[in-house]
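Coordinates as given in entry06.tsv (TSV, C-alpha atoms and all ligand atoms):
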chain	number	residue	atom	x	y	z
A	1	MET	CA	0.00	0.00	0.00
A	2	TYR	CA	1.67	3.20	-1.18
A	3	ARG	CA	1.04	6.40	0.73
A	4	ILE	CA	1.01	9.27	-1.73
A	5	GLY	CA	0.85	12.89	-0.63
A	6	VAL	CA	-1.14	15.00	-3.07
A	7	ILE	CA	-0.69	18.75	-3.45
A	8	PRO	CA	-3.17	19.92	-6.10
A	9	GLY	CA	-1.95	23.49	-5.53
A	10	ASP	CA	-2.85	26.54	-7.56
A	11	GLY	CA	-4.52	27.40	-10.85
A	12	THR	CA	-5.00	24.42	-13.13
A	13	GLY	CA	-3.09	22.18	-10.68
A	14	PRO	CA	-6.25	20.65	-9.16
A	15	GLU	CA	-7.74	19.96	-12.62
A	16	VAL	CA	-4.74	18.07	-13.91
A	17	ILE	CA	-4.16	16.22	-10.64
A	18	ARG	CA	-7.77	15.02	-10.71
A	19	GLU	CA	-7.11	13.37	-14.09
A	20	GLY	CA	-3.78	11.98	-12.90
A	21	LEU	CA	-5.42	10.36	-9.89
A	22	LYS	CA	-8.15	8.93	-12.10
A	23	VAL	CA	-5.44	7.30	-14.23
A	24	LEU	CA	-3.57	6.05	-11.15
A	25	ARG	CA	-6.73	4.40	-9.84
A	26	ALA	CA	-7.37	2.71	-13.19
A	27	VAL	CA	-3.84	1.40	-13.54
A	28	ALA	CA	-3.69	0.27	-9.90
A	29	GLU	CA	-6.78	-1.81	-10.43
A	30	LYS	CA	-5.47	-3.19	-13.69
A	31	VAL	CA	-2.02	-4.30	-12.55
A	32	GLY	CA	-2.95	-4.89	-8.92
A	33	PHE	CA	-1.37	-2.51	-6.44
A	34	GLU	CA	-2.94	-0.29	-3.81
A	35	PHE	CA	-2.39	3.27	-2.74
A	36	GLU	CA	-3.91	5.83	-0.47
A	37	THR	CA	-3.72	9.58	-0.92
A	38	ILE	CA	-3.15	12.23	1.72
A	39	ASN	CA	-4.31	15.60	0.48
A	40	TYR	CA	-2.38	18.77	1.34
A	41	ASP	CA	-4.06	22.03	0.72
A	42	LEU	CA	-1.03	24.21	0.04
A	43	GLY	CA	-0.63	27.11	-2.35
A	44	GLY	CA	-1.73	30.66	-3.01
A	45	GLU	CA	-5.24	30.40	-1.60
A	46	ARG	CA	-4.06	29.08	1.75
A	47	TYR	CA	-1.34	31.71	1.89
A	48	LEU	CA	-3.76	34.55	1.14
A	49	LYS	CA	-6.20	33.28	3.79
A	50	THR	CA	-3.83	32.30	6.60
A	51	GLY	CA	-0.35	33.58	5.74
A	52	GLU	CA	0.87	29.97	5.85
A	53	THR	CA	3.01	28.49	3.13
A	54	LEU	CA	4.35	25.09	4.21
A	55	PRO	CA	3.86	24.39	7.93
A	56	ASN	CA	6.70	22.40	9.50
A	57	GLN	CA	4.37	19.70	10.71
A	58	ILE	CA	3.31	18.97	7.11
A	59	LEU	CA	6.93	18.93	6.01
A	60	GLU	CA	7.72	16.37	8.72
A	61	GLU	CA	4.74	14.25	7.70
A	62	MET	CA	5.90	14.34	4.09
A	63	LYS	CA	9.17	12.69	5.02
A	64	LYS	CA	7.22	9.53	5.84
A	65	LEU	CA	5.34	9.33	2.55
A	66	ASP	CA	6.23	7.03	-0.34
A	67	SER	CA	5.92	9.93	-2.77
A	68	ILE	CA	4.36	13.31	-3.43
A	69	TYR	CA	2.24	14.22	-6.43
A	70	LEU	CA	2.17	17.96	-7.12
A	71	GLY	CA	-0.06	19.96	-9.48
A	72	ALA	CA	1.27	23.52	-9.63
A	73	ILE	CA	2.37	26.32	-7.33
A	74	GLY	CA	1.95	30.00	-8.25
A	75	HIS	CA	-0.87	32.51	-7.76
A	76	PRO	CA	-1.52	35.76	-9.66
A	77	ASN	CA	-2.27	37.66	-6.41
A	78	VAL	CA	0.91	36.61	-4.64
A	79	LYS	CA	4.21	38.34	-5.36
A	80	PRO	CA	6.45	36.02	-7.41
A	81	GLY	CA	9.02	34.23	-5.30
A	82	ILE	CA	7.08	33.69	-2.08
A	83	LEU	CA	5.18	30.52	-2.93
A	84	GLU	CA	7.94	29.20	-5.16
A	85	ARG	CA	10.59	29.59	-2.48
A	86	GLU	CA	8.48	28.71	0.56
A	87	ILE	CA	6.64	25.72	-0.90
A	88	LEU	CA	8.14	24.24	-4.05
A	89	LEU	CA	11.83	24.92	-3.42
A	90	LYS	CA	11.43	24.26	0.30
A	91	ILE	CA	10.11	20.76	-0.38
A	92	ARG	CA	12.92	20.09	-2.87
A	93	PHE	CA	15.56	21.32	-0.41
A	94	LYS	CA	14.22	20.02	2.91
A	95	LEU	CA	13.41	16.59	1.53
A	96	ASP	CA	16.83	16.62	-0.13
A	97	GLN	CA	15.38	15.85	-3.56
A	98	TYR	CA	18.76	16.42	-5.12
A	99	ILE	CA	17.87	15.28	-8.62
A	100	ASN	CA	15.39	16.90	-10.94
A	101	LEU	CA	14.86	14.39	-13.72
A	102	ARG	CA	13.24	15.74	-16.85
A	103	PRO	CA	12.70	13.50	-19.86
A	104	VAL	CA	12.44	15.18	-23.26
A	105	LYS	CA	10.66	12.74	-25.53
A	106	LEU	CA	8.70	13.55	-28.66
A	107	TYR	CA	5.72	11.20	-28.93
A	108	PRO	CA	4.25	10.15	-32.28
A	109	GLY	CA	1.57	12.50	-33.54
A	110	VAL	CA	2.86	15.46	-31.56
A	111	ASP	CA	3.59	18.71	-33.41
A	112	CYS	CA	7.25	19.56	-33.02
A	113	PRO	CA	8.37	23.14	-33.66
A	114	LEU	CA	11.68	21.83	-35.07
A	115	LYS	CA	11.60	21.31	-38.79
A	116	ASP	CA	11.94	17.69	-39.90
A	117	LYS	CA	12.53	16.28	-36.42
A	118	LYS	CA	10.82	12.99	-35.66
A	119	PRO	CA	10.22	11.00	-32.48
A	120	GLU	CA	13.42	9.03	-33.09
A	121	ASP	CA	15.40	12.31	-33.03
A	122	ILE	CA	14.11	13.64	-29.73
A	123	ASP	CA	14.54	11.27	-26.84
A	124	PHE	CA	16.84	12.40	-24.07
A	125	VAL	CA	16.75	13.10	-20.35
A	126	VAL	CA	18.06	16.07	-18.40
A	127	VAL	CA	19.45	15.34	-14.94
A	128	ARG	CA	19.31	18.69	-13.18
A	129	GLU	CA	20.99	19.22	-9.81
A	130	ASN	CA	18.12	20.34	-7.57
A	131	THR	CA	19.43	21.56	-4.19
A	132	GLU	CA	22.41	23.83	-4.86
A	133	GLY	CA	23.75	26.41	-7.30
A	134	LEU	CA	22.12	29.79	-7.64
A	135	TYR	CA	18.96	28.46	-6.01
A	136	VAL	CA	20.30	28.28	-2.44
A	137	GLY	CA	19.46	31.92	-1.69
A	138	VAL	CA	22.91	32.93	-0.45
A	139	GLY	CA	23.55	36.62	-0.99
A	140	GLY	CA	22.14	39.96	-0.13
A	141	PHE	CA	21.88	43.65	-0.81
A	142	LEU	CA	24.15	46.48	0.15
A	143	LYS	CA	22.95	50.08	-0.01
A	144	LYS	CA	19.59	48.87	-1.27
A	145	GLY	CA	17.51	51.45	-3.05
A	146	THR	CA	20.42	53.85	-3.57
A	147	PRO	CA	22.32	54.53	-6.79
A	148	ASP	CA	25.23	52.60	-5.24
A	149	GLU	CA	23.18	49.50	-4.63
A	150	ILE	CA	24.95	46.15	-4.76
A	151	ALA	CA	23.13	42.84	-5.14
A	152	ILE	CA	25.02	39.59	-4.73
A	153	GLN	CA	23.60	36.11	-5.36
A	154	GLU	CA	26.07	33.28	-5.00
A	155	SER	CA	26.12	29.93	-6.74
A	156	VAL	CA	26.94	27.24	-4.18
A	157	ASN	CA	28.49	24.05	-5.54
A	158	THR	CA	29.72	21.43	-3.11
A	159	ARG	CA	31.89	18.46	-4.01
A	160	ARG	CA	29.38	16.18	-2.29
A	161	GLY	CA	26.38	17.74	-4.03
A	162	VAL	CA	27.98	17.77	-7.45
A	163	GLU	CA	29.31	14.24	-7.13
A	164	ARG	CA	26.05	12.65	-6.05
A	165	CYS	CA	24.27	14.31	-8.97
A	166	ILE	CA	26.89	13.20	-11.49
A	167	ARG	CA	26.87	9.66	-10.09
A	168	PHE	CA	23.10	9.53	-10.38
A	169	ALA	CA	23.40	10.66	-14.01
A	170	PHE	CA	25.95	7.97	-14.89
A	171	ASP	CA	23.86	5.27	-13.18
A	172	TYR	CA	20.71	6.50	-14.84
A	173	CYS	CA	22.38	6.57	-18.27
A	174	ARG	CA	23.55	2.99	-17.77
A	175	ARG	CA	20.09	1.81	-16.63
A	176	ARG	CA	18.40	3.64	-19.47
A	177	ASN	CA	20.60	1.65	-21.83
A	178	LYS	CA	20.04	3.65	-25.02
A	179	LYS	CA	22.93	5.59	-26.56
A	180	LYS	CA	24.85	5.29	-23.28
A	181	LYS	CA	26.19	8.79	-23.62
A	182	LEU	CA	26.34	11.38	-20.86
A	183	THR	CA	26.82	15.05	-21.72
A	184	LEU	CA	27.96	17.52	-19.10
A	185	CYS	CA	26.39	20.92	-19.67
A	186	GLY	CA	28.36	23.77	-18.10
A	187	LYS	CA	30.17	26.98	-18.79
A	188	THR	CA	33.77	26.10	-17.96
A	189	ASN	CA	35.10	28.99	-20.05
A	190	VAL	CA	33.55	31.56	-17.69
A	191	LEU	CA	32.52	29.85	-14.43
A	192	THR	CA	36.11	28.88	-13.82
A	193	TYR	CA	35.54	27.85	-10.19
A	194	ALA	CA	32.07	26.35	-10.00
A	195	HIS	CA	32.19	24.51	-13.28
A	196	ASP	CA	35.80	23.54	-12.84
A	197	LEU	CA	34.55	21.54	-9.85
A	198	TRP	CA	31.80	20.06	-12.03
A	199	GLU	CA	34.22	19.13	-14.81
A	200	ARG	CA	36.84	17.57	-12.53
A	201	THR	CA	34.20	15.57	-10.68
A	202	PHE	CA	32.63	14.46	-13.95
A	203	ASN	CA	35.96	13.25	-15.34
A	204	GLU	CA	36.85	11.40	-12.14
A	205	VAL	CA	33.50	9.65	-11.82
A	206	ALA	CA	33.55	8.80	-15.55
A	207	LYS	CA	36.49	6.44	-14.95
A	208	GLU	CA	34.12	4.16	-13.03
A	209	TYR	CA	31.77	3.98	-16.02
A	210	PRO	CA	33.88	2.84	-18.98
A	211	ASP	CA	30.70	1.70	-20.76
A	212	ILE	CA	29.33	5.26	-20.87
A	213	GLU	CA	30.56	7.64	-23.55
A	214	THR	CA	31.18	11.12	-22.14
A	215	ASP	CA	30.74	14.47	-23.79
A	216	TYR	CA	30.93	18.11	-22.73
A	217	ALA	CA	29.26	21.22	-24.13
A	218	HIS	CA	28.82	24.76	-22.88
A	219	VAL	CA	25.26	25.67	-22.00
A	220	ASP	CA	24.87	28.14	-24.85
A	221	ALA	CA	25.99	25.51	-27.34
A	222	ILE	CA	23.63	22.98	-25.71
A	223	CYS	CA	20.75	25.34	-26.49
A	224	MET	CA	21.83	25.47	-30.10
A	225	TRP	CA	22.25	21.70	-30.41
A	226	MET	CA	18.90	21.05	-28.76
A	227	VAL	CA	17.34	22.90	-31.68
A	228	LYS	CA	19.69	21.85	-34.46
A	229	ASN	CA	20.66	18.27	-33.56
A	230	PRO	CA	18.67	17.01	-30.57
A	231	GLU	CA	19.49	13.45	-31.67
A	232	ARG	CA	23.02	13.87	-30.36
A	233	PHE	CA	21.77	13.72	-26.75
A	234	ASP	CA	21.02	10.76	-24.52
A	235	VAL	CA	21.44	12.04	-20.96
A	236	ILE	CA	22.52	15.58	-20.04
A	237	VAL	CA	23.70	16.44	-16.53
A	238	THR	CA	23.86	20.04	-15.35
A	239	ASP	CA	23.53	22.46	-12.46
A	240	ASN	CA	20.31	23.85	-11.06
A	241	MET	CA	20.03	27.13	-13.01
A	242	PHE	CA	21.15	25.79	-16.38
A	243	GLY	CA	18.90	22.78	-15.84
A	244	ASP	CA	15.94	25.07	-15.23
A	245	ILE	CA	16.58	26.97	-18.44
A	246	ILE	CA	17.36	24.11	-20.81
A	247	THR	CA	14.37	22.08	-19.64
A	248	ASP	CA	11.92	24.75	-20.77
A	249	LEU	CA	13.59	24.54	-24.16
A	250	GLY	CA	13.36	20.76	-23.85
A	251	ALA	CA	9.65	20.99	-23.04
A	252	ILE	CA	8.87	23.01	-26.13
A	253	ILE	CA	10.70	20.67	-28.52
A	254	GLN	CA	8.74	17.72	-27.14
A	255	GLY	CA	5.44	19.49	-27.76
A	256	GLY	CA	5.14	22.01	-24.95
A	257	MET	CA	4.15	22.34	-21.32
A	258	GLY	CA	1.09	20.19	-21.95
A	259	ILE	CA	3.25	17.07	-21.99
A	260	ALA	CA	6.43	17.85	-20.00
A	261	ALA	CA	6.84	16.15	-16.63
A	262	GLY	CA	9.57	16.00	-14.06
A	263	ALA	CA	10.63	14.09	-10.97
A	264	ASN	CA	12.30	15.61	-7.92
A	265	ILE	CA	14.17	12.65	-6.58
A	266	ASN	CA	15.73	11.72	-3.29
A	267	PRO	CA	16.79	8.13	-3.95
A	268	ASP	CA	16.82	7.45	-0.19
A	269	GLY	CA	13.78	9.49	0.80
A	270	THR	CA	10.54	10.95	-0.46
A	271	SER	CA	10.43	12.06	-4.09
A	272	MET	CA	7.99	14.45	-5.72
A	273	PHE	CA	6.49	14.25	-9.21
A	274	GLU	CA	5.06	17.20	-11.10
A	275	PRO	CA	4.05	18.52	-14.49
A	276	ILE	CA	6.70	21.18	-15.16
A	277	GLY	CA	4.36	23.83	-16.54
A	278	GLY	CA	2.99	26.39	-14.11
A	279	SER	CA	-0.45	27.09	-12.69
A	280	ALA	CA	-1.77	28.63	-15.96
A	281	PRO	CA	-4.19	31.12	-14.34
A	282	LYS	CA	-5.77	32.07	-17.63
A	283	TYR	CA	-7.03	28.52	-18.20
A	284	THR	CA	-8.05	27.81	-14.62
A	285	GLY	CA	-11.43	26.19	-14.10
A	286	LYS	CA	-12.19	25.94	-17.81
A	287	ASN	CA	-11.56	22.21	-18.25
A	288	VAL	CA	-9.28	22.96	-21.22
A	289	ILE	CA	-5.79	22.42	-19.81
A	290	ASN	CA	-3.86	19.41	-21.06
A	291	PRO	CA	-3.57	16.83	-18.26
A	292	LEU	CA	-0.97	14.69	-20.07
A	293	ALA	CA	2.00	16.31	-18.29
A	294	ALA	CA	0.44	15.45	-14.93
A	295	ILE	CA	-0.40	11.96	-16.19
A	296	SER	CA	3.23	11.55	-17.33
A	297	ALA	CA	4.33	12.68	-13.88
A	298	ALA	CA	2.18	9.90	-12.43
A	299	GLN	CA	3.91	7.50	-14.80
A	300	MET	CA	7.32	8.64	-13.54
A	301	MET	CA	6.12	8.21	-9.97
A	302	LEU	CA	5.16	4.60	-10.67
A	303	GLU	CA	8.51	3.92	-12.31
A	304	PHE	CA	10.26	5.14	-9.18
A	305	LEU	CA	7.97	3.16	-6.91
A	306	GLY	CA	8.98	0.06	-8.87
A	307	GLU	CA	5.65	-0.39	-10.68
A	308	ALA	CA	7.20	-0.83	-14.11
A	309	GLU	CA	4.20	-2.48	-15.75
A	310	ALA	CA	1.82	0.20	-14.51
A	311	ALA	CA	4.16	2.91	-15.80
A	312	LYS	CA	4.30	1.19	-19.19
A	313	GLN	CA	0.52	0.98	-19.32
A	314	ILE	CA	0.28	4.74	-18.84
A	315	GLU	CA	2.93	5.55	-21.44
A	316	SER	CA	1.37	3.40	-24.12
A	317	ALA	CA	-2.02	4.99	-23.45
A	318	ILE	CA	-0.43	8.44	-23.80
A	319	ILE	CA	1.13	7.42	-27.12
A	320	LYS	CA	-2.25	6.14	-28.33
A	321	ILE	CA	-3.89	9.45	-27.48
A	322	THR	CA	-1.20	11.67	-28.97
A	323	SER	CA	-0.95	9.67	-32.17
A	324	GLU	CA	-4.63	8.95	-32.76
A	325	LYS	CA	-6.77	11.48	-30.92
A	326	LEU	CA	-5.44	14.87	-29.89
A	327	LYS	CA	-5.46	17.66	-32.47
A	328	SER	CA	-2.89	19.61	-30.48
A	329	LEU	CA	-1.29	19.53	-27.05
A	330	GLN	CA	-2.15	23.18	-26.43
A	331	ALA	CA	-4.73	24.12	-23.83
A	332	GLY	CA	-8.09	24.66	-25.49
A	333	GLU	CA	-6.95	23.16	-28.80
A	334	MET	CA	-6.84	19.48	-28.00
A	335	GLY	CA	-10.24	18.77	-29.53
A	336	TYR	CA	-11.22	17.36	-26.11
A	337	SER	CA	-11.64	18.72	-22.62
A	338	THR	CA	-9.26	18.05	-19.75
A	339	SER	CA	-11.54	15.39	-18.27
A	340	GLU	CA	-12.19	13.76	-21.65
A	341	VAL	CA	-8.46	13.31	-22.16
A	342	GLY	CA	-8.25	11.70	-18.71
A	343	ASP	CA	-11.19	9.43	-19.57
A	344	MET	CA	-9.63	8.35	-22.86
A	345	ILE	CA	-6.41	7.40	-21.08
A	346	VAL	CA	-8.40	5.41	-18.51
A	347	ASN	CA	-10.32	3.60	-21.24
A	348	TYR	CA	-7.18	2.67	-23.14
A	349	ILE	CA	-5.66	1.34	-19.95
A	350	LYS	CA	-8.73	-0.81	-19.36
A	351	GLU	CA	-8.63	-2.21	-22.92
A	352	GLN	CA	-4.90	-2.67	-23.35
A	353	ALA	CA	-3.20	-6.00	-22.94
A	354	LEU	CA	-0.68	-6.42	-20.16
A	355	SER	CA	2.87	-6.76	-21.44
A	401	LIG	C1	10.78	24.67	-12.50
A	401	LIG	C2	10.29	26.05	-12.17
A	401	LIG	C3	10.79	26.43	-10.79
A	401	LIG	C4	12.31	26.40	-10.83
A	401	LIG	C5	10.27	27.78	-10.29
A	401	LIG	C6	8.76	27.81	-10.25
A	401	LIG	C7	10.83	28.15	-8.93
A	401	LIG	O1	10.69	26.96	-13.14
A	401	LIG	O2	10.42	23.73	-11.78
A	401	LIG	O3	11.52	24.53	-13.47
A	401	LIG	O4	12.93	27.40	-11.20
A	401	LIG	O5	12.87	25.37	-10.49
A	402	MG	MG	11.63	26.05	-14.78

Let's see the structure in the file written out as structure tokens.
Ligand code: IPM
Ligand code: MG
Amino acid sequence: MYRIGVIPGDGTGPEVIREGLKVLRAVAEKVGFEFETINYDLGGERYLKTGETLPNQILEEMKKLDSIYLGAIGHPNVKPGILEREILLKIRFKLDQYINLRPVKLYPGVDCPLKDKKPEDIDFVVVRENTEGLYVGVGGFLKKGTPDEIAIQESVNTRRGVERCIRFAFDYCRRRNKKKKLTLCGKTNVLTYAHDLWERTFNEVAKEYPDIETDYAHVDAICMWMVKNPERFDVIVTDNMFGDIITDLGAIIQGGMGIAAGANINPDGTSMFEPIGGSAPKYTGKNVINPLAAISAAQMMLEFLGEAEAAKQIESAIIKITSEKLKSLQAGEMGYSTSEVGDMIVNYIKEQALS
């Protein structure tokens, strides 16, 4: 019996999580596992009503869960940064979810903005460090509000933090067993301290993985290659900030935020799974948002819980829908409502053979 914490969150979060849970229930029944959900009402509404973001007691409870399933965090009436830092980043940091795993996979039938690129060309995974770098919040102001103002925001990179991320990436690349190629994405020509540590650690750890081909590219070049030759990538490992940026680019080449999912992983603790798009206030409550990203996040959650068959069931249903049904992955242009997409996935899962 898995205990899954659910944070529907803000905006369209609750709508997509509802579909994701529907799919989880269907697949659980089909392959035969059980789960219970513990609902956490966190996000902008709670903050506006009570001033609370993430109470410590909830954080402690979360450490005992098997996983967390998150919709979206972000509210138009709350100043940017508060909810992100106090809820989303706090969970990532305090639960030590040191990997942010973001697959970039173009499914058949999905419109790709890259000319002539096919599903076989776009299939890689970004391993983003998730607890360090520019995200730690080390820094401050001097002479704030004056013409002499100074703002400093430090990137923190520890040997331990960098090494565990790189090791995860090598292991993941080996387990994935595709091109068996790991690309380090950095900026060693400018970040001559931080990314020197990354490069040295990468090269040392690489010696333990002779079966994995290694590759290095600067982040700006990575952006270019992701557009020009995405087929050169298998697994990319990078720091927190660069990982944030390149995974939005990744999302758009796989069809957009409607399909992009990510996993915040602590291999020895509680991991959290989320669609990587935001709370989409303009689509909220309209039953038009694409739930496939949240459904993919549920698939990733099952993979990490060890429910491989259930995860496969979800992915093949998604491929069915993208290749045979949806007109577009964009909100409001799918040709179906949010709940109809969820229902179609559920029906395919019921009909499909077990592998
Ligand atoms: C993401 C988001 C977050 C991040 C924001 C909402 C803090 O962009 O998950 O990629 O920067 O990590
Ligand atoms: Mg981002």

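Interatomic distance, CA of Pro210 in chain A to CA of Asp196 in chain A: 21.7 Å.
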
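When all atoms listed in the file are used to measure the gap to ligand MG 402 (chain A), the shortest distance among A:Phe304, A:Tyr209, A:Trp225, A:Tyr135 belongs to A:Tyr135.
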
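Of the residues under consideration (A:Val27, A:Ile253, A:Cys185, A:Val156), A:Val27 shows the shortest atom-to-atom contact distance to Ala353 in chain A when counting all atoms listed in the file.
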
Have a look at A:Met224, A:Lys207, A:Ala251, A:Pro8 and name the one nearest to Lys105 in chain A; count all atoms listed in the file. A:Ala251

Could you list, as an MDAnalysis selection string, all protein and nucleic acid residues with an atom at most 10 Å from ligand LIG 401 (chain A), counting all atoms listed in the file? chainID A and resid 72:74 80:89 92 100 102 128 130:131 135 240:248 261:264 274:279

Could those residues be written to a file, using C-alpha atoms, as a PDB file, keeping the file's coordinate frame?
ATOM      1  CA  ALA A  72       1.270  23.520  -9.630  1.00  0.00           C
ATOM      2  CA  ILE A  73       2.370  26.320  -7.330  1.00  0.00           C
ATOM      3  CA  GLY A  74       1.950  30.000  -8.250  1.00  0.00           C
ATOM      4  CA  PRO A  80       6.450  36.020  -7.410  1.00  0.00           C
ATOM      5  CA  GLY A  81       9.020  34.230  -5.300  1.00  0.00           C
ATOM      6  CA  ILE A  82       7.080  33.690  -2.080  1.00  0.00           C
ATOM      7  CA  LEU A  83       5.180  30.520  -2.930  1.00  0.00           C
ATOM      8  CA  GLU A  84       7.940  29.200  -5.160  1.00  0.00           C
ATOM      9  CA  ARG A  85      10.590  29.590  -2.480  1.00  0.00           C
ATOM     10  CA  GLU A  86       8.480  28.710   0.560  1.00  0.00           C
ATOM     11  CA  ILE A  87       6.640  25.720  -0.900  1.00  0.00           C
ATOM     12  CA  LEU A  88       8.140  24.240  -4.050  1.00  0.00           C
ATOM     13  CA  LEU A  89      11.830  24.920  -3.420  1.00  0.00           C
ATOM     14  CA  ARG A  92      12.920  20.090  -2.870  1.00  0.00           C
ATOM     15  CA  ASN A 100      15.390  16.900 -10.940  1.00  0.00           C
ATOM     16  CA  ARG A 102      13.240  15.740 -16.850  1.00  0.00           C
ATOM     17  CA  ARG A 128      19.310  18.690 -13.180  1.00  0.00           C
ATOM     18  CA  ASN A 130      18.120  20.340  -7.570  1.00  0.00           C
ATOM     19  CA  THR A 131      19.430  21.560  -4.190  1.00  0.00           C
ATOM     20  CA  TYR A 135      18.960  28.460  -6.010  1.00  0.00           C
ATOM     21  CA  ASN A 240      20.310  23.850 -11.060  1.00  0.00           C
ATOM     22  CA  MET A 241      20.030  27.130 -13.010  1.00  0.00           C
ATOM     23  CA  PHE A 242      21.150  25.790 -16.380  1.00  0.00           C
ATOM     24  CA  GLY A 243      18.900  22.780 -15.840  1.00  0.00           C
ATOM     25  CA  ASP A 244      15.940  25.070 -15.230  1.00  0.00           C
ATOM     26  CA  ILE A 245      16.580  26.970 -18.440  1.00  0.00           C
ATOM     27  CA  ILE A 246      17.360  24.110 -20.810  1.00  0.00           C
ATOM     28  CA  THR A 247      14.370  22.080 -19.640  1.00  0.00           C
ATOM     29  CA  ASP A 248      11.920  24.750 -20.770  1.00  0.00           C
ATOM     30  CA  ALA A 261       6.840  16.150 -16.630  1.00  0.00           C
ATOM     31  CA  GLY A 262       9.570  16.000 -14.060  1.00  0.00           C
ATOM     32  CA  ALA A 263      10.630  14.090 -10.970  1.00  0.00           C
ATOM     33  CA  ASN A 264      12.300  15.610  -7.920  1.00  0.00           C
ATOM     34  CA  GLU A 274       5.060  17.200 -11.100  1.00  0.00           C
ATOM     35  CA  PRO A 275       4.050  18.520 -14.490  1.00  0.00           C
ATOM     36  CA  ILE A 276       6.700  21.180 -15.160  1.00  0.00           C
ATOM     37  CA  GLY A 277       4.360  23.830 -16.540  1.00  0.00           C
ATOM     38  CA  GLY A 278       2.990  26.390 -14.110  1.00  0.00           C
ATOM     39  CA  SER A 279      -0.450  27.090 -12.690  1.00  0.00           C
TER      40      SER A 279
END

Quick one: residues within 10 Å of Met344 in chain A, all atoms listed in the file counted, chain neighbours fewer than 3 positions away excluded, as a ChimeraX atom specification? /A:23,317-318,320-321,325,336,339-341,347-350

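Nearest-residue note for ligand MG 402 (chain A): choosing from A:Leu106, A:Leu249, A:Ile150, A:His218, the minimum distance belongs to A:Leu249, counting all atoms listed in the file.
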